[in-house]
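S.K.: File target.cif below, mmCIF, C-alpha atoms:
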```
data_run
#
loop_
_atom_site.label_atom_id
_atom_site.label_comp_id
_atom_site.auth_asym_id
_atom_site.auth_seq_id
_atom_site.Cartn_x
_atom_site.Cartn_y
_atom_site.Cartn_z
CA MET J 1 133.78 -138.31 82.76
CA ALA J 2 135.27 -141.72 83.53
CA ASP J 3 136.29 -142.63 87.02
CA GLY J 4 139.39 -140.53 87.35
CA SER J 5 141.86 -138.24 85.67
CA ALA J 6 145.64 -138.53 85.58
CA LEU J 7 146.66 -134.93 85.89
CA ALA J 8 150.30 -134.04 86.08
CA SER J 9 149.80 -131.01 88.30
CA GLN J 10 146.79 -130.04 90.37
CA GLY J 11 148.24 -127.77 93.03
CA GLY J 12 145.87 -125.02 94.07
CA ALA J 13 142.83 -126.65 92.54
CA GLY J 14 140.76 -125.62 95.50
CA THR J 15 141.30 -121.94 94.75
CA VAL J 16 139.91 -121.84 91.20
CA SER J 17 137.97 -118.60 90.79
CA THR J 18 134.35 -118.58 89.69
CA LYS J 19 135.23 -115.64 87.42
CA LEU J 20 137.62 -117.52 85.21
CA ARG J 21 137.08 -115.56 82.02
CA GLY J 22 135.84 -112.18 81.04
CA THR J 23 132.75 -113.77 79.53
CA ARG J 24 131.98 -115.53 82.79
CA ALA J 25 131.13 -112.64 85.10
CA ALA J 26 128.24 -114.30 86.95
CA SER J 27 128.86 -115.52 90.48
CA TYR J 28 127.90 -119.02 89.37
CA PRO J 29 129.10 -119.67 85.80
CA CYS J 30 126.71 -121.85 83.85
CA ARG J 31 127.12 -124.78 81.50
CA ALA J 32 126.65 -124.04 77.82
CA CYS J 33 125.51 -120.57 78.75
CA ARG J 34 124.62 -117.90 76.21
CA VAL J 35 123.57 -114.45 77.32
CA VAL J 36 120.57 -113.21 75.35
CA ALA J 37 118.63 -110.00 75.52
CA GLU J 38 115.12 -110.13 76.94
CA ASN J 39 112.53 -110.94 74.25
CA SER J 40 115.32 -111.48 71.72
CA PRO J 41 114.94 -113.99 68.84
CA ALA J 42 117.31 -116.34 70.69
CA GLU J 43 115.06 -116.25 73.76
CA ASP J 44 111.94 -116.86 71.66
CA CYS J 45 113.77 -119.75 70.01
CA SER J 46 114.59 -121.31 73.39
CA THR J 47 110.95 -120.94 74.51
CA ASP J 48 109.85 -122.83 71.39
CA ALA J 49 112.51 -125.46 72.07
CA ILE J 50 111.27 -125.99 75.63
CA SER J 51 107.65 -126.23 74.44
CA GLY J 52 108.64 -128.74 71.78
CA PHE J 53 110.66 -130.75 74.26
CA LEU J 54 107.84 -130.87 76.83
CA GLY J 55 105.39 -131.92 74.12
CA TRP J 56 107.76 -134.71 73.12
CA CYS J 57 108.06 -135.80 76.76
CA LYS J 58 104.30 -136.31 76.97
CA LYS J 59 104.30 -138.23 73.70
CA VAL J 60 107.03 -140.67 74.77
CA GLY J 61 105.70 -141.22 78.29
CA LEU J 62 108.18 -139.11 80.26
CA GLU J 63 106.04 -137.98 83.20
CA LEU J 64 106.77 -134.57 84.73
CA SER J 65 105.22 -133.65 88.07
CA PRO J 66 102.89 -130.61 87.93
CA LYS J 67 104.73 -129.37 91.03
CA VAL J 68 107.86 -128.48 88.99
CA CYS J 69 108.68 -126.66 85.76
CA VAL J 70 111.58 -126.29 83.33
CA SER J 71 112.77 -122.71 83.16
CA ARG J 72 115.54 -120.39 82.00
CA GLU J 73 114.59 -117.76 84.58
CA GLY J 74 115.45 -117.99 88.26
CA THR J 75 118.09 -120.66 87.65
CA VAL J 76 121.86 -120.59 88.10
CA ALA J 77 122.46 -121.70 84.51
CA ASP J 78 120.94 -121.77 81.06
CA TYR J 79 118.20 -124.29 81.78
CA GLY J 80 117.06 -125.52 85.17
CA MET J 81 114.11 -126.86 87.13
CA LEU J 82 112.07 -124.87 89.65
CA ALA J 83 109.50 -125.91 92.25
CA ARG J 84 105.97 -124.62 91.54
CA GLU J 85 104.90 -125.75 95.03
CA ASP J 86 106.56 -126.73 98.29
CA LEU J 87 108.07 -130.20 97.98
CA GLU J 88 108.66 -132.79 100.69
CA VAL J 89 111.47 -135.34 100.86
CA GLY J 90 110.85 -138.36 98.64
CA GLU J 91 108.62 -136.70 96.03
CA VAL J 92 109.04 -137.97 92.46
CA LEU J 93 109.74 -135.03 90.17
CA PHE J 94 109.75 -136.94 86.90
CA THR J 95 109.84 -140.51 85.62
CA ILE J 96 111.82 -141.48 82.50
CA PRO J 97 111.04 -144.74 80.66
CA ARG J 98 114.22 -146.54 79.63
CA ALA J 99 113.16 -146.43 75.98
CA VAL J 100 113.58 -142.64 76.11
CA LEU J 101 117.26 -142.83 77.09
CA LEU J 102 119.66 -142.11 74.22
CA SER J 103 122.46 -144.65 74.20
CA GLN J 104 124.27 -147.09 71.98
CA HIS J 105 121.49 -149.58 72.81
CA THR J 106 118.55 -147.35 71.82
CA THR J 107 119.88 -145.34 68.86
CA SER J 108 118.51 -145.86 65.36
CA ILE J 109 121.91 -147.26 64.32
CA GLN J 110 122.04 -149.80 67.17
CA ALA J 111 122.40 -152.77 64.79
CA LEU J 112 125.22 -151.04 62.93
CA LEU J 113 127.10 -150.40 66.17
CA GLU J 114 126.65 -153.96 67.38
CA GLU J 115 127.94 -155.25 64.06
CA GLY J 116 131.07 -153.08 64.30
CA GLN J 117 131.53 -153.48 68.05
CA ALA J 118 134.96 -155.07 67.78
CA SER J 119 136.35 -152.13 65.79
CA LEU J 120 134.97 -149.51 68.18
CA GLN J 121 136.85 -150.46 71.34
CA SER J 122 138.63 -147.52 72.95
CA GLN J 123 140.13 -146.35 76.24
CA SER J 124 137.26 -143.98 76.88
CA GLY J 125 134.46 -146.42 76.06
CA TRP J 126 132.52 -143.49 74.61
CA VAL J 127 132.84 -144.20 70.87
CA PRO J 128 129.49 -146.04 70.40
CA LEU J 129 127.55 -143.25 72.15
CA LEU J 130 129.43 -140.57 70.22
CA LEU J 131 128.66 -142.27 66.90
CA SER J 132 125.02 -142.46 68.02
CA LEU J 133 125.06 -138.71 68.72
CA LEU J 134 126.82 -137.89 65.45
CA TYR J 135 123.94 -139.60 63.66
CA GLU J 136 121.00 -138.52 65.82
CA TYR J 137 122.15 -134.90 66.14
CA THR J 138 122.27 -134.43 62.36
CA ALA J 139 119.29 -136.63 61.38
CA ARG J 140 116.21 -134.53 60.68
CA ASN J 141 113.81 -137.30 61.61
CA SER J 142 115.61 -138.41 64.77
CA TYR J 143 113.38 -139.74 67.55
CA TRP J 144 115.33 -137.47 69.94
CA GLN J 145 115.22 -134.34 67.76
CA PRO J 146 113.02 -132.32 70.20
CA TYR J 147 115.42 -133.21 73.02
CA LEU J 148 118.57 -132.38 71.04
CA SER J 149 116.97 -129.12 69.87
CA LEU J 150 117.46 -127.78 73.39
CA TRP J 151 121.12 -127.44 72.38
CA PRO J 152 120.89 -126.13 68.79
CA ASP J 153 124.37 -124.58 68.87
CA LEU J 154 127.03 -126.77 70.46
CA LYS J 155 129.48 -123.91 69.90
CA SER J 156 128.01 -122.34 73.03
CA LEU J 157 129.70 -125.01 75.17
CA ASP J 158 132.36 -123.23 77.19
CA HIS J 159 134.67 -126.01 78.34
CA PRO J 160 138.34 -125.04 78.74
CA MET J 161 139.18 -127.23 75.73
CA PHE J 162 137.53 -124.54 73.56
CA TRP J 163 139.36 -121.60 75.12
CA PRO J 164 142.29 -120.07 73.25
CA GLU J 165 145.47 -121.83 74.42
CA GLU J 166 147.03 -118.60 75.66
CA GLU J 167 143.95 -117.91 77.78
CA ARG J 168 143.97 -121.43 79.22
CA VAL J 169 147.60 -121.07 80.26
CA GLN J 170 147.05 -117.64 81.75
CA LEU J 171 143.98 -118.56 83.79
CA LEU J 172 144.46 -122.23 84.66
CA GLN J 173 148.20 -122.66 85.22
CA GLY J 174 148.83 -124.82 88.28
CA THR J 175 145.34 -126.28 88.54
CA GLY J 176 145.99 -129.46 86.57
CA ILE J 177 143.24 -128.60 84.11
CA LEU J 178 145.79 -127.71 81.43
CA GLU J 179 147.21 -131.25 81.49
CA ALA J 180 143.72 -132.75 81.49
CA VAL J 181 142.66 -130.68 78.47
CA ASP J 182 145.82 -131.60 76.55
CA LYS J 183 145.07 -135.28 77.14
CA ASP J 184 141.43 -134.78 76.15
CA LEU J 185 142.35 -133.12 72.86
CA ALA J 186 144.97 -135.75 72.03
CA ASN J 187 142.53 -138.59 72.73
CA ILE J 188 139.72 -136.92 70.79
CA HIS J 189 141.96 -136.58 67.73
CA LEU J 190 143.24 -140.16 68.07
CA GLU J 191 139.78 -141.69 68.43
CA TYR J 192 138.34 -139.68 65.56
CA THR J 193 141.12 -140.52 63.11
CA SER J 194 141.65 -144.16 64.11
CA LEU J 195 138.11 -145.29 64.95
CA ILE J 196 135.38 -142.82 63.99
CA LEU J 197 136.61 -141.88 60.52
CA PRO J 198 137.23 -145.47 59.31
CA PHE J 199 133.81 -146.51 60.63
CA MET J 200 132.09 -143.61 58.85
CA GLU J 201 133.95 -144.30 55.61
CA SER J 202 132.75 -147.90 55.70
CA HIS J 203 129.14 -146.66 55.98
CA PRO J 204 128.86 -143.79 53.48
CA ASP J 205 125.08 -144.17 53.31
CA ILE J 206 124.84 -143.22 57.01
CA PHE J 207 127.74 -140.84 57.65
CA ASP J 208 129.41 -138.02 55.74
CA PRO J 209 132.87 -136.95 56.99
CA LYS J 210 132.19 -133.49 55.54
CA LEU J 211 129.20 -133.18 57.89
CA HIS J 212 130.39 -135.35 60.76
CA THR J 213 133.67 -133.52 61.22
CA LEU J 214 136.37 -133.62 63.88
CA GLU J 215 135.09 -130.26 65.13
CA LEU J 216 131.55 -131.63 65.60
CA TYR J 217 132.98 -134.75 67.23
CA GLN J 218 134.93 -132.61 69.72
CA ARG J 219 131.79 -130.62 70.53
CA LEU J 220 129.86 -133.83 71.11
CA VAL J 221 132.60 -135.11 73.42
CA ALA J 222 132.13 -131.94 75.47
CA PHE J 223 128.34 -132.46 75.33
CA VAL J 224 128.76 -135.99 76.72
CA MET J 225 131.15 -134.66 79.37
CA ALA J 226 128.63 -132.11 80.56
CA TYR J 227 125.31 -133.91 80.16
CA SER J 228 125.71 -137.70 80.15
CA PHE J 229 125.08 -140.13 83.00
CA GLN J 230 126.53 -143.48 83.92
CA GLU J 231 124.36 -146.04 85.61
CA PRO J 232 126.09 -147.08 88.85
CA LEU J 233 127.21 -150.67 89.25
CA ASP J 234 125.67 -152.84 91.94
CA GLU J 235 127.83 -153.53 94.99
CA ASP J 236 128.58 -157.05 93.77
CA GLU J 237 129.68 -155.68 90.37
CA ASP J 238 132.59 -153.52 91.59
CA GLU J 239 135.10 -155.53 89.57
CA LYS J 240 133.19 -155.03 86.31
CA GLU J 241 133.94 -152.31 83.77
CA PRO J 242 131.85 -149.14 84.28
CA ASN J 243 128.58 -148.96 82.40
CA PRO J 244 128.79 -146.94 79.18
CA PRO J 245 127.52 -143.34 79.30
CA MET J 246 124.01 -142.47 78.20
CA MET J 247 121.98 -139.33 77.63
CA VAL J 248 119.03 -138.91 80.02
CA PRO J 249 116.45 -136.38 78.79
CA MET J 250 115.05 -134.09 81.52
CA ALA J 251 117.56 -135.30 84.14
CA ASP J 252 120.38 -133.43 82.41
CA ILE J 253 118.46 -130.16 82.70
CA LEU J 254 119.02 -130.07 86.46
CA ASN J 255 122.04 -128.06 87.58
CA HIS J 256 124.61 -129.11 90.18
CA VAL J 257 125.53 -128.04 93.67
CA ALA J 258 127.37 -130.04 96.31
CA SER J 259 124.37 -129.72 98.66
CA ASN J 260 121.89 -131.07 96.12
CA ASN J 261 118.20 -131.53 96.95
CA ALA J 262 117.34 -134.25 94.42
CA ASN J 263 118.80 -137.51 93.23
CA LEU J 264 118.34 -139.83 90.25
CA GLU J 265 117.14 -143.33 91.15
CA HIS J 266 117.41 -146.32 88.82
CA SER J 267 115.08 -149.27 88.36
CA PRO J 268 114.78 -151.91 85.61
CA GLU J 269 111.78 -150.13 84.06
CA CYS J 270 112.64 -146.46 84.45
CA LEU J 271 114.68 -143.70 86.09
CA ARG J 272 113.17 -141.30 88.64
CA MET J 273 114.34 -137.97 89.99
CA VAL J 274 113.41 -137.83 93.68
CA THR J 275 113.78 -135.02 96.23
CA THR J 276 116.28 -135.65 99.03
CA GLN J 277 115.54 -132.44 100.94
CA PRO J 278 112.48 -130.23 101.35
CA VAL J 279 112.25 -127.64 98.56
CA CYS J 280 110.31 -124.40 98.92
CA LYS J 281 108.12 -122.98 96.19
CA GLY J 282 110.22 -121.02 93.69
CA GLN J 283 113.51 -122.66 94.64
CA GLU J 284 115.70 -124.40 92.08
CA ILE J 285 116.02 -128.16 92.19
CA PHE J 286 119.60 -129.42 92.01
CA ASN J 287 121.01 -132.83 91.17
CA THR J 288 124.59 -133.85 91.92
CA TYR J 289 127.18 -134.64 89.25
CA GLY J 290 129.21 -136.53 91.86
CA GLN J 291 131.65 -135.57 94.60
CA MET J 292 133.60 -133.20 92.41
CA ALA J 293 136.24 -130.61 93.25
CA ASN J 294 136.20 -127.24 91.51
CA TRP J 295 139.02 -128.20 89.15
CA GLN J 296 136.89 -131.12 87.97
CA LEU J 297 133.82 -128.92 87.54
CA VAL J 298 135.79 -126.39 85.51
CA HIS J 299 137.36 -129.11 83.38
CA MET J 300 134.15 -131.03 82.73
CA TYR J 301 131.48 -128.32 82.76
CA GLY J 302 133.11 -124.89 82.55
CA PHE J 303 131.95 -123.63 85.96
CA ALA J 304 133.03 -123.70 89.60
CA GLU J 305 131.00 -123.37 92.78
CA PRO J 306 131.70 -120.17 94.73
CA TYR J 307 133.48 -120.56 98.05
CA PRO J 308 132.45 -121.99 100.46
CA GLY J 309 129.64 -123.79 98.64
CA ASN J 310 131.60 -126.73 97.29
CA THR J 311 132.23 -128.97 100.29
CA ASN J 312 133.82 -131.51 97.92
CA ASP J 313 136.54 -129.10 96.84
CA THR J 314 140.14 -130.26 97.11
CA ALA J 315 143.71 -129.15 96.66
CA ASP J 316 145.97 -131.83 95.22
CA ILE J 317 149.68 -132.17 95.95
CA GLN J 318 151.66 -134.36 93.58
CA MET J 319 153.53 -137.14 95.35
CA VAL J 320 156.69 -136.34 93.41
CA THR J 321 156.49 -132.80 94.79
CA VAL J 322 156.54 -134.22 98.33
CA ARG J 323 159.56 -136.37 97.42
CA LYS J 324 161.35 -133.38 95.93
CA ALA J 325 160.71 -131.31 99.06
CA ALA J 326 162.00 -134.14 101.28
CA LEU J 327 165.20 -134.42 99.21
CA GLU J 328 165.74 -130.67 99.36
CA ARG J 329 165.46 -130.71 103.17
CA ALA J 330 167.92 -133.59 103.51
CA ARG J 331 171.10 -132.10 104.96
CA THR J 332 173.55 -134.84 104.07
CA ALA J 333 174.11 -137.39 101.34
CA ALA J 334 173.14 -140.10 103.82
CA GLU J 335 169.79 -138.43 104.51
CA GLN J 336 169.14 -138.07 100.76
CA GLN J 337 169.94 -141.75 100.32
CA LEU J 338 167.48 -142.60 103.11
CA VAL J 339 164.72 -140.52 101.48
CA SER J 340 165.33 -142.26 98.15
CA GLU J 341 165.23 -145.69 99.77
CA GLN J 342 162.02 -144.82 101.63
CA TRP J 343 160.44 -143.57 98.39
CA ASP J 344 161.43 -146.75 96.53
CA PHE J 345 160.00 -148.88 99.34
CA LEU J 346 156.67 -146.99 99.29
CA CYS J 347 156.56 -147.36 95.50
CA GLN J 348 157.02 -151.12 95.84
CA MET J 349 154.17 -151.15 98.35
CA GLU J 350 152.12 -149.18 95.78
CA MET J 351 151.45 -146.48 98.36
CA VAL J 352 153.00 -143.72 96.23
CA GLY J 353 153.87 -143.31 92.57
CA GLU J 354 155.33 -140.96 90.00
CA GLU J 355 151.87 -139.87 88.85
CA GLY J 356 150.06 -140.08 92.19
CA ALA J 357 148.75 -137.23 94.32
CA PHE J 358 147.62 -136.55 97.87
CA VAL J 359 144.12 -135.08 97.73
CA ILE J 360 143.53 -132.58 100.52
CA GLY J 361 139.84 -132.22 101.28
CA TRP J 362 138.01 -130.09 103.82
CA GLU J 363 138.35 -132.67 106.58
CA GLU J 364 141.01 -135.18 105.54
CA VAL J 365 143.76 -136.14 103.13
CA LEU J 366 142.92 -138.94 100.72
CA THR J 367 145.29 -141.21 98.85
CA GLU J 368 144.37 -142.13 95.30
CA GLU J 369 143.01 -145.54 96.40
CA GLU J 370 140.77 -143.96 99.03
CA LEU J 371 139.58 -141.34 96.55
CA SER J 372 138.84 -144.02 93.95
CA MET J 373 136.68 -145.93 96.42
CA THR J 374 134.88 -142.74 97.42
CA LEU J 375 134.04 -141.91 93.81
CA LYS J 376 132.86 -145.43 93.08
CA LYS J 377 130.30 -145.07 95.86
CA ALA J 378 129.14 -141.59 94.81
CA VAL J 379 125.43 -141.49 94.03
CA ASN J 380 124.76 -140.93 90.31
CA TYR J 381 128.49 -140.75 89.80
CA LYS J 382 129.27 -139.30 86.40
CA LYS J 383 132.50 -139.64 84.43
CA THR J 384 135.16 -137.11 85.35
CA THR J 385 137.48 -137.16 82.37
CA PHE J 386 137.45 -138.13 78.71
CA CYS J 387 140.16 -140.76 79.10
CA PRO J 388 139.99 -143.11 82.10
CA LEU J 389 143.57 -142.93 83.28
CA GLU J 390 145.13 -143.36 86.70
CA MET J 391 143.13 -141.88 89.58
CA GLN J 392 144.65 -138.87 91.30
#
```
Turn this file's structure into structure tokens for me.
M.R.:
Amino acid sequence: MADGSALASQGGAGTVSTKLRGTRAASYPCRACRVVAENSPAEDCSTDAISGFLGWCKKVGLELSPKVCVSREGTVADYGMLAREDLEVGEVLFTIPRAVLLSQHTTSIQALLEEGQASLQSQSGWVPLLLSLLYEYTARNSYWQPYLSLWPDLKSLDHPMFWPEEERVQLLQGTGILEAVDKDLANIHLEYTSLILPFMESHPDIFDPKLHTLELYQRLVAFVMAYSFQEPLDEDEDEKEPNPPMMVPMADILNHVASNNANLEHSPECLRMVTTQPVCKGQEIFNTYGQMANWQLVHMYGFAEPYPGNTNDTADIQMVTVRKAALERARTAAEQQLVSEQWDFLCQMEMVGEEGAFVIGWEEVLTEEELSMTLKKAVNYKKTTFCPLEMQ
């Protein structure tokens, strides 16, 4: 979920079906969704988890408005938030003290991470948070245990990176997601073997490679993809590196639609979820994960918005595909030479590139620079790929 993804091929991304897999028959596939029978042990377990989480929220000072409730019924996904009463624009739904956020700065192993900071540098910038989660997720006495208990089985995460390869190829060919997943998996393996494992081996009193495995690490990467937030930079900080990701209890329960009715606001003391549209009693409250096309939603979260709900959906045409088509239409060697010279000139002007794409939206075509600026300004913008590569 960094600011961009270098995908080799994204043609047809705007036509991704919401019924991508046989296990995803709902009209709006959910994140980390598990189907359970009514009154089943799994459902009872989730009720206990919600009760424990809400009790923890009160204890740590996370204030939830009595006008809303956390629910697994009447929502588009596993968990969600519903309005108990009619809500007006500007109502605060919940307030989260900064001490409650789970990040590399608040984890129990904060000092350890600061001490090893130089050895934990990576392209993704996620390693400190992932080490924090490796520890907190498996520590019985973790401060965040009631929060993390909402996701007792990370194997329920249904990102394409966990699909059988044959199924990925069959269902996602031509969307660009295949290339993104391949890069994710390669980077996950590289970071685990070159950074995570050496760090754990140097702290055997804290970590156990037999417990904190590559498989768990991959699941936690997917967890961060789907549930983490990045605090936006101020306008005068555009040249700075993005803020590292963090886990935001309660805020990550809200589901996403392009036409969201709530938004997360940041202040030095706390974070607040505030309504941006009127919400009727019984309706679900939605946050936004950013201005994301369906291929991004499928890649990062395992779901897509049904047509025509996602007004941020796009179809991407690789720039090299346009060059190839122009060369094929050239009737003479002189015309082909002209196309090649024009391409080289545009490359020198940095207007096109071998890995660039034209992003076709509902109302306009964006170049990668324009898209990058758009995403930087997105409210509550969340990372959109594991490895921050060139924007498409």
S.K.: Mind telling me what the PyMOL selection byres ((chain J and resi 254) around 10) catches here, as a count of residues only?
M.R.: 23
S.K.: Within 12 Å of Ser122 of chain J, counting all atoms listed in the file, which residues qualify if same-chain residues fewer than 3 places away don't, as an NGL selection string?
M.R.: :J and (117-119 or 125-130 or 187-188 or 190-192 or 194-196 or 244 or 386-388)
S.K.: Under the PyMOL selection byres ((chain J and resi 160-171) around 7), which residues of this model are included? Write them out as a ChimeraX atom specification.
M.R.: /J:20,158-159,172-173,178,181,299,302
S.K.: May I have the selected residues written with C-alpha atoms, as a PDB file, in the frame of the given file?
M.R.:
```pdb
ATOM      1  CA  LEU J  20     137.620-117.520  85.210  1.00  0.00           C
ATOM      2  CA  ASP J 158     132.360-123.230  77.190  1.00  0.00           C
ATOM      3  CA  HIS J 159     134.670-126.010  78.340  1.00  0.00           C
ATOM      4  CA  LEU J 172     144.460-122.230  84.660  1.00  0.00           C
ATOM      5  CA  GLN J 173     148.200-122.660  85.220  1.00  0.00           C
ATOM      6  CA  LEU J 178     145.790-127.710  81.430  1.00  0.00           C
ATOM      7  CA  VAL J 181     142.660-130.680  78.470  1.00  0.00           C
ATOM      8  CA  HIS J 299     137.360-129.110  83.380  1.00  0.00           C
ATOM      9  CA  GLY J 302     133.110-124.890  82.550  1.00  0.00           C
TER      10      GLY J 302
END
```
S.K.: Kindly compute an axis-aligned box around the listed atoms of segment 354-363 of chain J, allowing 5 Å on each side, and express its centre and edge lengths in Å to one decimal as JSON.
M.R.:
```
{"center_x": 146.7, "center_y": -135.5, "center_z": 97.7, "size_x": 27.3, "size_y": 20.9, "size_z": 27.7}
```
S.K.: Measuring between only C-alpha atoms, which one of J:Ser65, J:Ser51, J:Gln230, J:Gln318 shows the shortest distance to Tyr147 of chain J?
M.R.: J:Ser51
S.K.: Between J:Leu150, J:Ile109, J:Leu216, J:Ala226, single out the one closest to Leu54 of chain J, counting all atoms listed in the file.
M.R.: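 Selected residue with least distance to Leu54 of chain J: J:Leu150.
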S.K.: Report the distance between atom CA of Ala304 of chain J and atom CA of Gly290 of chain J in Å, rounded to one decimal place.
M.R.: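 The value is 13.6 Å.
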S.K.: On this structure, which residues satisfy the PyMOL selection byres ((chain J and resi 98) around 12), written as number ranges by chain?
M.R.: J: 60-62, 95-97, 99-103, 105-106, 231, 246-249, 266-272
S.K.: Counting all atoms listed in the file, which residue out of J:Thr314, J:Asn243, J:Asn141, J:Gln291 sits closest to Glu363 of chain J?
M.R.: J:Thr314
S.K.: Could you add all heavy atoms to segment 50-57 of chain J and give me the result as a CSV table (one decimal), keeping the file's coordinate frame?
M.R.:
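Below you can see part_30.csv, which holds the result:
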```csv
chain,number,residue,atom,x,y,z
J,50,ILE,N,111.8,-125.4,74.4
J,50,ILE,CA,111.3,-126.0,75.6
J,50,ILE,C,109.9,-126.5,75.4
J,50,ILE,O,109.5,-127.7,75.8
J,50,ILE,CB,111.3,-124.9,76.8
J,50,ILE,CG1,112.7,-124.6,77.2
J,50,ILE,CG2,110.5,-125.5,78.0
J,50,ILE,CD1,112.8,-123.5,78.2
J,51,SER,N,109.0,-125.8,74.7
J,51,SER,CA,107.6,-126.2,74.4
J,51,SER,C,107.7,-127.5,73.6
J,51,SER,O,106.9,-128.5,73.9
J,51,SER,CB,106.9,-125.1,73.7
J,51,SER,OG,106.7,-124.0,74.5
J,52,GLY,N,108.5,-127.5,72.6
J,52,GLY,CA,108.6,-128.7,71.8
J,52,GLY,C,109.1,-129.9,72.6
J,52,GLY,O,108.7,-131.1,72.4
J,53,PHE,N,110.1,-129.7,73.4
J,53,PHE,CA,110.7,-130.8,74.3
J,53,PHE,C,109.6,-131.3,75.2
J,53,PHE,O,109.5,-132.5,75.4
J,53,PHE,CB,111.9,-130.2,75.0
J,53,PHE,CG,112.4,-131.2,76.1
J,53,PHE,CD1,112.9,-132.4,75.7
J,53,PHE,CD2,112.3,-130.8,77.4
J,53,PHE,CE1,113.4,-133.3,76.7
J,53,PHE,CE2,112.8,-131.7,78.4
J,53,PHE,CZ,113.3,-132.9,78.0
J,54,LEU,N,108.9,-130.4,75.9
J,54,LEU,CA,107.8,-130.9,76.8
J,54,LEU,C,106.7,-131.6,76.1
J,54,LEU,O,106.2,-132.6,76.7
J,54,LEU,CB,107.3,-129.7,77.6
J,54,LEU,CG,108.3,-129.0,78.5
J,54,LEU,CD1,107.6,-127.7,79.2
J,54,LEU,CD2,108.8,-129.9,79.6
J,55,GLY,N,106.4,-131.2,74.9
J,55,GLY,CA,105.4,-131.9,74.1
J,55,GLY,C,105.9,-133.3,73.8
J,55,GLY,O,105.1,-134.3,73.8
J,56,TRP,N,107.1,-133.4,73.4
J,56,TRP,CA,107.8,-134.7,73.1
J,56,TRP,C,107.8,-135.6,74.3
J,56,TRP,O,107.5,-136.8,74.3
J,56,TRP,CB,109.2,-134.5,72.6
J,56,TRP,CG,110.0,-135.7,72.3
J,56,TRP,CD1,109.9,-136.6,71.3
J,56,TRP,CD2,111.0,-136.3,73.2
J,56,TRP,NE1,110.8,-137.6,71.4
J,56,TRP,CE2,111.5,-137.4,72.6
J,56,TRP,CE3,111.6,-135.9,74.4
J,56,TRP,CZ2,112.5,-138.2,73.1
J,56,TRP,CZ3,112.6,-136.7,75.0
J,56,TRP,CH2,113.0,-137.8,74.3
J,57,CYS,N,108.0,-135.0,75.5
J,57,CYS,CA,108.1,-135.8,76.8
J,57,CYS,C,106.7,-136.5,77.0
J,57,CYS,O,106.6,-137.7,77.4
J,57,CYS,CB,108.4,-134.9,77.9
J,57,CYS,SG,110.1,-134.4,78.0
```
